[in-house]
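Below is target10.txt, holding compact mmCIF, C-alpha atoms (C1' of nucleotides).
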# COMPACT_ATOMS: atom_id res chain seq x y z
CA MET R 298 -34.89 -111.49 19.12
CA GLN R 299 -37.85 -111.54 16.82
CA PRO R 300 -39.84 -109.07 14.67
CA ALA R 301 -39.11 -105.60 15.93
CA ASP R 302 -41.83 -103.78 17.71
CA THR R 303 -41.39 -100.55 19.47
CA PRO R 304 -42.61 -100.37 23.05
CA HIS R 305 -46.31 -99.67 23.07
CA ASP R 306 -45.86 -96.60 25.24
CA LEU R 307 -44.07 -95.03 22.34
CA ARG R 308 -46.47 -96.19 19.68
CA THR R 309 -49.17 -93.86 20.89
CA THR R 310 -47.05 -90.99 22.13
CA PRO R 311 -47.72 -88.04 19.85
CA SER R 312 -44.20 -86.64 20.06
CA TRP R 313 -42.82 -90.02 19.11
CA LEU R 314 -45.20 -90.44 16.20
CA LEU R 315 -44.35 -86.96 15.01
CA THR R 316 -40.61 -87.34 15.12
CA GLN R 317 -40.73 -90.78 13.54
CA THR R 318 -42.99 -89.83 10.67
CA ALA R 319 -40.85 -86.74 10.25
CA THR R 320 -37.82 -88.99 9.92
CA HIS R 321 -39.51 -90.91 7.15
CA ALA R 322 -40.61 -87.67 5.57
CA SER R 323 -37.11 -86.25 5.51
CA ARG R 324 -35.73 -89.47 4.16
CA ILE R 325 -38.20 -89.35 1.30
CA VAL R 326 -37.61 -85.66 0.70
CA SER R 327 -33.86 -86.04 0.87
CA THR R 328 -33.77 -88.69 -1.78
CA ALA R 329 -36.12 -86.62 -3.92
CA LEU R 330 -33.90 -83.56 -3.64
CA GLY R 331 -30.85 -85.76 -3.95
CA THR R 332 -31.75 -86.65 -7.51
CA ARG R 333 -30.97 -83.00 -8.26
CA HIS R 334 -28.02 -82.79 -5.90
CA ALA R 335 -29.84 -80.53 -3.50
CA ARG R 336 -30.55 -80.61 0.20
CA GLY R 337 -33.33 -79.11 2.25
CA TYR R 338 -31.61 -75.81 2.83
CA HIS R 339 -30.99 -75.34 -0.87
CA TYR R 340 -34.64 -75.68 -1.66
CA ARG R 341 -35.76 -73.54 1.22
CA LEU R 342 -33.46 -70.75 0.23
CA LEU R 343 -34.39 -70.83 -3.43
CA ALA R 344 -38.07 -70.92 -2.56
CA THR R 345 -37.72 -68.02 -0.16
CA LEU R 346 -35.75 -66.04 -2.67
CA ALA R 347 -38.29 -66.62 -5.41
CA GLU R 348 -40.99 -65.33 -3.14
CA THR R 349 -39.35 -62.31 -1.59
CA GLY R 350 -37.27 -61.23 -4.54
CA PRO R 351 -33.66 -60.08 -4.08
CA ALA R 352 -32.81 -59.74 -0.42
CA SER R 353 -29.95 -59.50 2.02
CA GLN R 354 -28.71 -62.59 3.78
CA ALA R 355 -30.12 -61.44 7.09
CA ASP R 356 -33.54 -61.00 5.51
CA LEU R 357 -33.31 -64.42 3.93
CA SER R 358 -32.43 -65.85 7.29
CA ARG R 359 -35.50 -64.31 8.88
CA HIS R 360 -37.85 -65.36 6.11
CA SER R 361 -36.55 -68.89 5.68
CA GLY R 362 -35.89 -69.67 9.32
CA ILE R 363 -32.37 -70.76 8.46
CA ASP R 364 -29.69 -69.45 10.77
CA ARG R 365 -27.54 -66.57 9.51
CA SER R 366 -24.45 -68.71 9.67
CA ASP R 367 -26.02 -71.53 7.69
CA ILE R 368 -27.25 -69.08 5.10
CA VAL R 369 -23.65 -68.31 4.26
CA ALA R 370 -22.78 -71.89 3.39
CA THR R 371 -26.02 -72.47 1.55
CA ILE R 372 -25.53 -69.41 -0.62
CA ASN R 373 -21.97 -70.47 -1.29
CA ASP R 374 -23.27 -73.77 -2.63
CA LEU R 375 -25.96 -72.18 -4.74
CA ALA R 376 -23.66 -69.46 -6.04
CA ASP R 377 -21.09 -72.06 -7.06
CA ARG R 378 -23.75 -73.60 -9.26
CA ASP R 379 -24.87 -70.18 -10.54
CA LEU R 380 -28.36 -70.64 -9.17
CA VAL R 381 -27.96 -67.47 -7.17
CA HIS R 382 -25.85 -64.29 -7.30
CA ARG R 383 -24.29 -62.51 -4.38
CA GLN R 384 -23.46 -58.84 -4.86
CA PRO R 385 -22.57 -56.13 -2.37
CA ASP R 386 -25.28 -53.60 -1.62
CA PRO R 387 -24.00 -50.16 -2.73
CA ASN R 388 -26.38 -48.43 -0.30
CA ASP R 389 -25.30 -50.44 2.73
CA ARG R 390 -21.84 -51.83 2.58
CA ARG R 391 -22.55 -54.32 5.34
CA ARG R 392 -25.02 -56.17 3.18
CA ASN R 393 -25.00 -58.48 0.24
CA ILE R 394 -27.89 -58.53 -2.14
CA ILE R 395 -28.77 -62.05 -3.16
CA HIS R 396 -30.87 -62.72 -6.21
CA ILE R 397 -31.98 -65.83 -7.94
CA THR R 398 -30.74 -66.42 -11.47
CA PRO R 399 -32.82 -67.77 -14.36
CA ALA R 400 -31.05 -71.08 -13.91
CA GLY R 401 -31.97 -70.93 -10.24
CA ARG R 402 -35.58 -70.39 -11.11
CA ARG R 403 -35.55 -73.35 -13.47
CA GLU R 404 -33.89 -75.52 -10.87
CA LEU R 405 -36.49 -74.46 -8.33
CA THR R 406 -39.33 -75.71 -10.47
CA HIS R 407 -37.53 -79.02 -10.92
CA LEU R 408 -37.15 -79.29 -7.18
CA GLN R 409 -40.78 -78.45 -6.68
CA HIS R 410 -41.84 -81.23 -9.00
CA ALA R 411 -39.58 -83.65 -7.21
CA LEU R 412 -41.11 -82.57 -3.92
CA ASP R 413 -44.64 -82.93 -5.22
CA THR R 414 -44.15 -86.56 -6.01
CA ALA R 415 -42.39 -86.98 -2.68
CA GLN R 416 -45.54 -85.77 -0.94
CA ASP R 417 -47.47 -88.46 -2.71
CA THR R 418 -45.17 -91.21 -1.56
CA LEU R 419 -45.30 -89.82 1.93
CA LEU R 420 -49.08 -89.56 2.06
CA ALA R 421 -49.80 -92.69 0.06
CA PRO R 422 -51.90 -94.38 2.77
CA LEU R 423 -54.17 -91.37 3.29
CA ASP R 424 -57.16 -90.39 1.19
CA PRO R 425 -57.66 -86.72 0.26
CA THR R 426 -59.87 -86.03 3.27
CA ASP R 427 -57.33 -87.42 5.68
CA ARG R 428 -54.56 -85.50 3.98
CA HIS R 429 -56.37 -82.24 4.50
CA GLU R 430 -57.12 -83.20 8.05
CA LEU R 431 -53.48 -83.90 8.72
CA VAL R 432 -52.41 -80.61 7.21
CA ARG R 433 -55.01 -78.79 9.26
CA LEU R 434 -53.86 -80.34 12.52
CA LEU R 435 -50.19 -79.82 11.84
CA ARG R 436 -50.73 -76.21 10.84
CA ARG R 437 -52.57 -75.60 14.04
CA LEU R 438 -49.71 -77.06 16.03
CA LEU R 439 -47.18 -75.08 14.09
CA THR R 440 -48.85 -71.70 14.37
CA HIS R 441 -49.22 -72.29 18.08
CA HIS R 442 -45.56 -73.05 18.67
CA GLU R 443 -44.11 -70.69 16.12
CA PRO R 444 -43.16 -67.30 17.48
CA ARG R 445 -44.16 -65.78 14.13
CA ASP R 446 -45.51 -67.33 11.00
CA MET T 201 -37.11 -57.34 6.01
CA GLN T 202 -40.14 -57.57 8.22
CA PRO T 203 -41.93 -60.18 10.37
CA ALA T 204 -40.79 -63.58 9.24
CA ASP T 205 -43.12 -65.62 7.15
CA THR T 206 -42.14 -68.81 5.52
CA PRO T 207 -42.85 -69.09 1.82
CA HIS T 208 -46.46 -70.11 1.36
CA ASP T 209 -45.46 -73.11 -0.75
CA LEU T 210 -43.94 -74.55 2.35
CA ARG T 211 -46.72 -73.65 4.70
CA THR T 212 -49.00 -76.24 3.20
CA THR T 213 -46.47 -78.88 2.23
CA PRO T 214 -47.09 -81.91 4.42
CA SER T 215 -43.46 -82.92 4.65
CA TRP T 216 -42.57 -79.42 5.75
CA LEU T 217 -45.30 -79.28 8.34
CA LEU T 218 -44.27 -82.65 9.62
CA THR T 219 -40.59 -81.90 9.98
CA GLN T 220 -41.23 -78.50 11.51
CA THR T 221 -43.72 -79.69 14.08
CA ALA T 222 -41.35 -82.55 14.80
CA THR T 223 -38.62 -80.01 15.46
CA HIS T 224 -40.81 -78.28 18.00
CA ALA T 225 -41.76 -81.63 19.46
CA SER T 226 -38.17 -82.70 19.95
CA ARG T 227 -37.29 -79.35 21.43
CA ILE T 228 -40.06 -79.74 23.98
CA VAL T 229 -39.17 -83.36 24.66
CA SER T 230 -35.47 -82.60 24.95
CA THR T 231 -35.99 -79.96 27.57
CA ALA T 232 -38.36 -82.28 29.44
CA LEU T 233 -35.81 -85.10 29.43
CA GLY T 234 -33.04 -82.59 30.09
CA THR T 235 -34.46 -81.85 33.52
CA ARG T 236 -33.40 -85.39 34.38
CA HIS T 237 -30.18 -85.29 32.37
CA ALA T 238 -31.47 -87.71 29.79
CA ARG T 239 -31.74 -87.70 26.02
CA GLY T 240 -34.11 -89.42 23.67
CA TYR T 241 -32.02 -92.56 23.32
CA HIS T 242 -31.80 -92.97 27.07
CA TYR T 243 -35.53 -92.98 27.43
CA ARG T 244 -36.10 -95.22 24.45
CA LEU T 245 -33.67 -97.77 25.72
CA LEU T 246 -35.02 -97.80 29.26
CA ALA T 247 -38.57 -98.07 27.96
CA THR T 248 -37.66 -100.90 25.62
CA LEU T 249 -35.82 -102.70 28.35
CA ALA T 250 -38.70 -102.37 30.79
CA GLU T 251 -40.99 -103.90 28.23
CA THR T 252 -38.89 -106.74 26.89
CA GLY T 253 -37.09 -107.63 30.06
CA PRO T 254 -33.36 -108.42 30.04
CA ALA T 255 -32.07 -108.64 26.50
CA SER T 256 -28.94 -108.60 24.41
CA GLN T 257 -27.79 -105.40 22.78
CA ALA T 258 -28.71 -106.68 19.35
CA ASP T 259 -32.23 -107.44 20.52
CA LEU T 260 -32.50 -104.02 22.10
CA SER T 261 -31.37 -102.50 18.85
CA ARG T 262 -34.08 -104.31 16.94
CA HIS T 263 -36.81 -103.50 19.40
CA SER T 264 -35.92 -99.88 19.94
CA GLY T 265 -34.91 -99.00 16.41
CA ILE T 266 -31.64 -97.58 17.68
CA ASP T 267 -28.59 -98.63 15.70
CA ARG T 268 -26.34 -101.30 17.21
CA SER T 269 -23.47 -98.85 17.41
CA ASP T 270 -25.53 -96.22 19.17
CA ILE T 271 -26.81 -98.80 21.62
CA VAL T 272 -23.27 -99.23 22.88
CA ALA T 273 -22.86 -95.58 23.82
CA THR T 274 -26.34 -95.34 25.27
CA ILE T 275 -25.80 -98.35 27.49
CA ASN T 276 -22.46 -96.94 28.58
CA ASP T 277 -24.22 -93.79 29.73
CA LEU T 278 -26.98 -95.66 31.52
CA ALA T 279 -24.60 -98.14 33.10
CA ASP T 280 -22.42 -95.30 34.39
CA ARG T 281 -25.45 -94.06 36.26
CA ASP T 282 -26.39 -97.57 37.42
CA LEU T 283 -29.71 -97.45 35.66
CA VAL T 284 -28.76 -100.56 33.73
CA HIS T 285 -26.41 -103.51 34.12
CA ARG T 286 -24.36 -105.13 31.40
CA GLN T 287 -23.24 -108.70 31.99
CA PRO T 288 -21.84 -111.32 29.66
CA ASP T 289 -24.21 -114.08 28.62
CA PRO T 290 -22.78 -117.38 29.86
CA ASN T 291 -24.72 -119.30 27.20
CA ASP T 292 -23.50 -117.24 24.29
CA ARG T 293 -20.23 -115.54 24.83
CA ARG T 294 -20.82 -113.11 22.00
CA ARG T 295 -23.65 -111.48 23.86
CA ASN T 296 -24.16 -109.17 26.76
CA ILE T 297 -27.31 -109.39 28.79
CA ILE T 298 -28.61 -105.99 29.69
CA HIS T 299 -31.09 -105.54 32.45
CA ILE T 300 -32.68 -102.56 34.04
CA THR T 301 -31.93 -101.88 37.68
CA PRO T 302 -34.46 -100.76 40.29
CA ALA T 303 -32.97 -97.28 40.04
CA GLY T 304 -33.44 -97.50 36.27
CA ARG T 305 -37.06 -98.39 36.73
CA ARG T 306 -37.59 -95.47 39.05
CA GLU T 307 -35.85 -93.13 36.66
CA LEU T 308 -38.02 -94.42 33.85
CA THR T 309 -41.21 -93.45 35.63
CA HIS T 310 -39.80 -89.99 36.26
CA LEU T 311 -39.01 -89.67 32.59
CA GLN T 312 -42.47 -90.87 31.67
CA HIS T 313 -44.06 -88.22 33.83
CA ALA T 314 -41.86 -85.57 32.30
CA LEU T 315 -42.88 -86.79 28.86
CA ASP T 316 -46.55 -86.80 29.72
CA THR T 317 -46.53 -83.14 30.53
CA ALA T 318 -44.43 -82.53 27.44
CA GLN T 319 -47.22 -84.06 25.34
CA ASP T 320 -49.61 -81.59 26.85
CA THR T 321 -47.52 -78.60 25.98
CA LEU T 322 -47.05 -79.97 22.51
CA LEU T 323 -50.73 -80.63 21.90
CA ALA T 324 -52.02 -77.62 23.80
CA PRO T 325 -53.93 -76.14 20.84
CA LEU T 326 -55.81 -79.38 20.07
CA ASP T 327 -58.91 -80.67 21.79
CA PRO T 328 -59.13 -84.37 22.69
CA THR T 329 -60.88 -85.27 19.44
CA ASP T 330 -58.22 -83.61 17.34
CA ARG T 331 -55.50 -85.24 19.36
CA HIS T 332 -56.89 -88.67 18.66
CA GLU T 333 -57.31 -87.78 15.04
CA LEU T 334 -53.70 -86.69 14.81
CA VAL T 335 -52.50 -89.88 16.46
CA ARG T 336 -54.63 -91.93 14.12
CA LEU T 337 -53.25 -90.25 11.01
CA LEU T 338 -49.65 -90.39 12.13
CA ARG T 339 -49.94 -94.04 13.09
CA ARG T 340 -51.31 -94.82 9.69
CA LEU T 341 -48.40 -93.06 8.04
CA LEU T 342 -45.93 -94.79 10.29
CA THR T 343 -47.20 -98.31 9.83
CA HIS T 344 -47.17 -97.74 6.09
CA HIS T 345 -43.57 -96.59 5.94
CA GLU T 346 -42.21 -98.81 8.66
CA PRO T 347 -40.74 -102.09 7.44
CA ARG T 348 -41.93 -103.71 10.70
CA ASP T 349 -43.79 -102.33 13.61
C1' DG U 88 -14.20 -132.47 12.73
C1' DG U 89 -13.11 -128.95 9.96
C1' DT U 90 -14.86 -125.07 6.98
C1' DG U 91 -17.60 -121.30 5.77
C1' DT U 92 -21.33 -118.41 7.07
C1' DT U 93 -23.78 -115.71 10.26
C1' DA U 94 -24.39 -112.98 14.47
C1' DC U 95 -22.53 -109.99 18.14
C1' DG U 96 -20.30 -105.95 20.31
C1' DT U 97 -17.43 -102.20 19.40
C1' DT U 98 -14.81 -98.37 17.17
C1' DG U 99 -14.82 -94.67 14.27
C1' DG U 100 -16.76 -91.95 11.12
C1' DC U 101 -20.25 -89.44 8.30
C1' DT U 102 -24.70 -86.50 7.19
C1' DC U 103 -28.34 -83.11 8.05
C1' DG U 104 -30.83 -79.86 10.46
C1' DG U 105 -30.60 -76.72 14.14
C1' DC U 106 -28.10 -73.80 17.09
C1' DC U 107 -24.68 -70.35 19.44
C1' DA U 108 -20.62 -67.28 20.33
C1' DA U 109 -17.40 -64.23 18.65
C1' DC U 110 -15.45 -60.77 15.69
C1' DA U 111 -14.55 -57.14 12.20
C1' DT U 112 -16.97 -53.95 9.53
C1' DT U 113 -20.41 -50.65 8.78
C1' DG U 114 -24.59 -47.84 9.76
C1' DG U 115 -27.44 -45.11 12.64
C1' DT U 116 -28.23 -42.21 17.05
C1' DC U 117 -27.52 -39.32 20.77
C1' DG V 184 -17.38 -37.98 18.13
C1' DA V 185 -18.94 -41.91 21.20
C1' DC V 186 -22.20 -45.77 21.57
C1' DC V 187 -25.04 -49.07 20.12
C1' DA V 188 -27.14 -52.15 16.56
C1' DA V 189 -27.02 -54.81 12.42
C1' DT V 190 -24.47 -57.62 8.90
C1' DG V 191 -21.66 -61.32 7.08
C1' DT V 192 -18.56 -64.74 8.37
C1' DT V 193 -15.85 -68.32 10.92
C1' DG V 194 -15.85 -72.08 13.76
C1' DG V 195 -17.83 -74.87 16.73
C1' DC V 196 -21.46 -77.86 19.22
C1' DC V 197 -25.54 -81.16 19.64
C1' DG V 198 -28.91 -84.99 18.67
C1' DA V 199 -30.62 -88.44 15.76
C1' DG V 200 -29.77 -91.49 12.18
C1' DC V 201 -26.75 -94.15 9.57
C1' DC V 202 -22.78 -97.28 7.66
C1' DA V 203 -18.35 -99.89 7.19
C1' DA V 204 -15.06 -102.62 9.32
C1' DC V 205 -13.10 -105.78 12.57
C1' DG V 206 -12.29 -109.48 16.05
C1' DT V 207 -14.64 -112.89 18.41
C1' DA V 208 -17.84 -116.47 18.85
C1' DA V 209 -21.65 -119.60 17.50
C1' DC V 210 -23.75 -122.39 14.05
C1' DA V 211 -24.58 -125.33 9.79
C1' DC V 212 -23.08 -128.34 6.51
C1' DC V 213 -20.52 -131.67 4.74
As structure tokens, how would this structure be written, given the file I've shared?
Amino acid sequence: MQPADTPHDLRTTPSWLLTQTATHASRIVSTALGTRHARGYHYRLLATLAETGPASQADLSRHSGIDRSDIVATINDLADRDLVHRQPDPNDRRRNIIHITPAGRRELTHLQHALDTAQDTLLAPLDPTDRHELVRLLRRLLTHHEPRD
Amino acid sequence: MQPADTPHDLRTTPSWLLTQTATHASRIVSTALGTRHARGYHYRLLATLAETGPASQADLSRHSGIDRSDIVATINDLADRDLVHRQPDPNDRRRNIIHITPAGRRELTHLQHALDTAQDTLLAPLDPTDRHELVRLLRRLLTHHEPRD
DNA sequence: GGTGTTACGTTGGCTCGGCCAACATTGGTC
DNA sequence: GACCAATGTTGGCCGAGCCAACGTAACACC
């Protein structure tokens, strides 16, 4: 009934450490994005869009890793706030062409700033060397488990 | 419209790397636990219980980090499978005393074995040194962001 | 010895990220 | 022209993490 410790099996299990730190990370990121009324998917889509230029929803899905069906809702949100435009592709009537608006671009940079400071809160206990080391290790894990990256 | 790459902003953002690798980690862990019809909470609760010995639900909540309300459902599941017993505490009629059964203990070791091999698939691309390094960094992050550990 | 505060178990509900199946519409191929 | 593949969309599911509320029971203080 006293101070909470997690079982020591868990405390050194990599998968546990990963999912727990990830929970803290998303909490920090969520509140950062929340100050601008955005969620993870909103940022991811805007960022993808800024990089690829105008694209169809299916393409955005592939590049962002967000499911086709979730893309729909995310674009709805962003379009409602005029951060993004959705227009039918005249050359392929199955597709919509999505492009980011100037307001969307401005919002993206705000979000990026918010995220930058979020990284700092997240990595506070690590010095620059350790931060790079962490990134290196995580990238290695990711490229190994990611079908394509 | 080609191979999927994530925007390069994201590919080096620690919070992104963390949440993405955590997603892969939980996928791997889920399928490992799934072979024994268990989920994360089931393992966490059994592991906590094995460590603390018989305890009330509130204590289990504190030690495992699982919310009081989720403890209820988890114990229901485990009790249905006789991996755990729930009995009223005669000394404090608000409480239930939960204890792990022999079958629960056996199941726990099965789950632990499943998880051990899951760690290997997760960490496949890292040599022992890098694995320790990763654990070290993640633990540092966790103890910093964890109210108590 | 009552009264107010705190703890416990439980119900019900919500969010977010990640998925999947199905279906109508349209495009491309044989 | 018949088949197959891709697109957008709807609706649903899951797991983990939360929170509010409520009845019951224990405890502390006066």
Next on the checklist: Which residues are near DC95 (chain U)? Cut-off 8 Å, all atoms listed in the file, ignore same chain within fewer than 2 positions. Put them as a PyMOL selection string.
Outcome noted: chain T and resi 258+294-295
Chain T post-superposition (all in-order Cα pairs with chain R) as a tab-separated table (two decimals) with C-alpha atoms, in the coordinates of the input:
chain	number	residue	atom	x	y	z
T	201	MET	CA	-35.22	-111.48	19.57
T	202	GLN	CA	-37.97	-111.53	17.02
T	203	PRO	CA	-39.74	-109.10	14.66
T	204	ALA	CA	-39.09	-105.61	15.90
T	205	ASP	CA	-41.84	-103.82	17.69
T	206	THR	CA	-41.38	-100.56	19.41
T	207	PRO	CA	-42.54	-100.38	22.99
T	208	HIS	CA	-46.27	-99.72	23.02
T	209	ASP	CA	-45.82	-96.66	25.22
T	210	LEU	CA	-44.09	-95.05	22.31
T	211	ARG	CA	-46.47	-96.20	19.65
T	212	THR	CA	-49.16	-93.86	20.86
T	213	THR	CA	-47.03	-90.99	22.11
T	214	PRO	CA	-47.69	-88.02	19.85
T	215	SER	CA	-44.17	-86.66	20.05
T	216	TRP	CA	-42.82	-90.05	19.08
T	217	LEU	CA	-45.19	-90.44	16.18
T	218	LEU	CA	-44.35	-86.97	15.02
T	219	THR	CA	-40.60	-87.35	15.10
T	220	GLN	CA	-40.72	-90.79	13.52
T	221	THR	CA	-42.99	-89.83	10.67
T	222	ALA	CA	-40.84	-86.75	10.22
T	223	THR	CA	-37.82	-89.00	9.90
T	224	HIS	CA	-39.51	-90.92	7.13
T	225	ALA	CA	-40.61	-87.67	5.55
T	226	SER	CA	-37.11	-86.25	5.48
T	227	ARG	CA	-35.73	-89.49	4.14
T	228	ILE	CA	-38.20	-89.35	1.27
T	229	VAL	CA	-37.60	-85.66	0.69
T	230	SER	CA	-33.83	-86.05	0.84
T	231	THR	CA	-33.78	-88.71	-1.81
T	232	ALA	CA	-36.13	-86.62	-3.96
T	233	LEU	CA	-33.88	-83.56	-3.66
T	234	GLY	CA	-30.82	-85.78	-3.97
T	235	THR	CA	-31.75	-86.64	-7.54
T	236	ARG	CA	-30.94	-83.00	-8.29
T	237	HIS	CA	-27.99	-82.80	-5.91
T	238	ALA	CA	-29.81	-80.54	-3.51
T	239	ARG	CA	-30.52	-80.60	0.20
T	240	GLY	CA	-33.31	-79.14	2.24
T	241	TYR	CA	-31.60	-75.81	2.82
T	242	HIS	CA	-30.98	-75.35	-0.88
T	243	TYR	CA	-34.62	-75.71	-1.68
T	244	ARG	CA	-35.76	-73.56	1.20
T	245	LEU	CA	-33.46	-70.77	0.22
T	246	LEU	CA	-34.37	-70.85	-3.46
T	247	ALA	CA	-38.06	-70.94	-2.59
T	248	THR	CA	-37.72	-68.05	-0.17
T	249	LEU	CA	-35.75	-66.06	-2.67
T	250	ALA	CA	-38.28	-66.65	-5.43
T	251	GLU	CA	-40.99	-65.37	-3.17
T	252	THR	CA	-39.36	-62.35	-1.60
T	253	GLY	CA	-37.29	-61.26	-4.54
T	254	PRO	CA	-33.69	-60.11	-4.08
T	255	ALA	CA	-32.85	-59.79	-0.42
T	256	SER	CA	-30.00	-59.54	2.03
T	257	GLN	CA	-28.75	-62.62	3.80
T	258	ALA	CA	-30.19	-61.46	7.09
T	259	ASP	CA	-33.60	-61.04	5.51
T	260	LEU	CA	-33.35	-64.46	3.92
T	261	SER	CA	-32.47	-65.89	7.29
T	262	ARG	CA	-35.55	-64.36	8.86
T	263	HIS	CA	-37.87	-65.42	6.10
T	264	SER	CA	-36.57	-68.93	5.68
T	265	GLY	CA	-35.91	-69.73	9.31
T	266	ILE	CA	-32.39	-70.82	8.45
T	267	ASP	CA	-29.71	-69.49	10.77
T	268	ARG	CA	-27.57	-66.60	9.52
T	269	SER	CA	-24.47	-68.75	9.68
T	270	ASP	CA	-26.04	-71.56	7.70
T	271	ILE	CA	-27.27	-69.10	5.10
T	272	VAL	CA	-23.66	-68.32	4.27
T	273	ALA	CA	-22.79	-71.90	3.40
T	274	THR	CA	-26.03	-72.47	1.55
T	275	ILE	CA	-25.53	-69.41	-0.60
T	276	ASN	CA	-21.96	-70.47	-1.28
T	277	ASP	CA	-23.25	-73.77	-2.62
T	278	LEU	CA	-25.95	-72.17	-4.73
T	279	ALA	CA	-23.66	-69.46	-6.03
T	280	ASP	CA	-21.07	-72.06	-7.04
T	281	ARG	CA	-23.72	-73.58	-9.25
T	282	ASP	CA	-24.85	-70.17	-10.53
T	283	LEU	CA	-28.33	-70.63	-9.18
T	284	VAL	CA	-27.93	-67.45	-7.16
T	285	HIS	CA	-25.85	-64.29	-7.28
T	286	ARG	CA	-24.31	-62.49	-4.35
T	287	GLN	CA	-23.48	-58.82	-4.82
T	288	PRO	CA	-22.63	-56.10	-2.35
T	289	ASP	CA	-25.37	-53.59	-1.61
T	290	PRO	CA	-24.13	-50.16	-2.69
T	291	ASN	CA	-26.56	-48.46	-0.29
T	292	ASP	CA	-25.49	-50.41	2.76
T	293	ARG	CA	-22.03	-51.77	2.62
T	294	ARG	CA	-22.71	-54.27	5.37
T	295	ARG	CA	-25.13	-56.16	3.19
T	296	ASN	CA	-25.06	-58.48	0.26
T	297	ILE	CA	-27.95	-58.56	-2.13
T	298	ILE	CA	-28.79	-62.07	-3.16
T	299	HIS	CA	-30.87	-62.74	-6.19
T	300	ILE	CA	-31.96	-65.85	-7.95
T	301	THR	CA	-30.72	-66.42	-11.47
T	302	PRO	CA	-32.80	-67.77	-14.35
T	303	ALA	CA	-31.02	-71.09	-13.91
T	304	GLY	CA	-31.95	-70.94	-10.23
T	305	ARG	CA	-35.56	-70.41	-11.12
T	306	ARG	CA	-35.52	-73.35	-13.47
T	307	GLU	CA	-33.86	-75.52	-10.88
T	308	LEU	CA	-36.46	-74.47	-8.35
T	309	THR	CA	-39.30	-75.74	-10.50
T	310	HIS	CA	-37.50	-79.04	-10.94
T	311	LEU	CA	-37.12	-79.31	-7.20
T	312	GLN	CA	-40.77	-78.46	-6.70
T	313	HIS	CA	-41.82	-81.24	-9.02
T	314	ALA	CA	-39.57	-83.67	-7.23
T	315	LEU	CA	-41.10	-82.58	-3.94
T	316	ASP	CA	-44.63	-82.92	-5.23
T	317	THR	CA	-44.15	-86.56	-6.02
T	318	ALA	CA	-42.38	-86.98	-2.70
T	319	GLN	CA	-45.54	-85.75	-0.95
T	320	ASP	CA	-47.48	-88.43	-2.72
T	321	THR	CA	-45.22	-91.21	-1.59
T	322	LEU	CA	-45.31	-89.82	1.90
T	323	LEU	CA	-49.08	-89.53	2.07
T	324	ALA	CA	-49.83	-92.64	0.04
T	325	PRO	CA	-51.93	-94.32	2.76
T	326	LEU	CA	-54.19	-91.29	3.28
T	327	ASP	CA	-57.18	-90.29	1.20
T	328	PRO	CA	-57.65	-86.63	0.27
T	329	THR	CA	-59.86	-85.93	3.28
T	330	ASP	CA	-57.32	-87.33	5.69
T	331	ARG	CA	-54.55	-85.43	4.00
T	332	HIS	CA	-56.34	-82.16	4.51
T	333	GLU	CA	-57.10	-83.11	8.06
T	334	LEU	CA	-53.45	-83.84	8.72
T	335	VAL	CA	-52.38	-80.54	7.21
T	336	ARG	CA	-54.97	-78.72	9.27
T	337	LEU	CA	-53.81	-80.28	12.53
T	338	LEU	CA	-50.13	-79.78	11.85
T	339	ARG	CA	-50.66	-76.17	10.84
T	340	ARG	CA	-52.50	-75.55	14.05
T	341	LEU	CA	-49.65	-77.03	16.05
T	342	LEU	CA	-47.11	-75.05	14.10
T	343	THR	CA	-48.76	-71.67	14.39
T	344	HIS	CA	-49.12	-72.26	18.11
T	345	HIS	CA	-45.47	-73.06	18.69
T	346	GLU	CA	-44.02	-70.69	16.14
T	347	PRO	CA	-43.04	-67.29	17.51
T	348	ARG	CA	-43.99	-65.78	14.12
T	349	ASP	CA	-45.34	-67.31	11.02
Next on the checklist: Select, as a PyMOL selection string, those residues of chain R with any atom no more than 9 Å from chain U (distances computed using only C-alpha atoms (C1' of nucleotides)).
Outcome noted: chain R and resi 336-338+363-364+389-391
Checklist entry - Which residues of chain V are close to chain T, meaning at most 8 Å apart when you count all atoms listed in the file, and how do they look as JSON, numbers by chain? => result {"V": [201, 207, 208, 209]}
Next on the checklist: Between CA of Gln384 (chain R) and CA of Gly331 (chain R), what is the distance in Å, rounded to a tenth?
Outcome noted: 27.9 Å
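Computed from the coordinates, the CA of Ile298 (chain T) to CA of Gln257 (chain T) distance equals 7.0 Å.
Across the model, the gap from C1' of DC197 (chain V) to CA of Thr309 (chain T) is 25.5 Å.
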Can you sort out the box for region 414-425 of chain R, edges along x, y and z, all listed atoms in, 3 Å on every side, with centre and edge lengths in Å to one decimal, as AutoDock Vina command-line options?
--center_x -50.0 --center_y -90.1 --center_z -1.4 --size_x 21.3 --size_y 14.6 --size_z 15.3
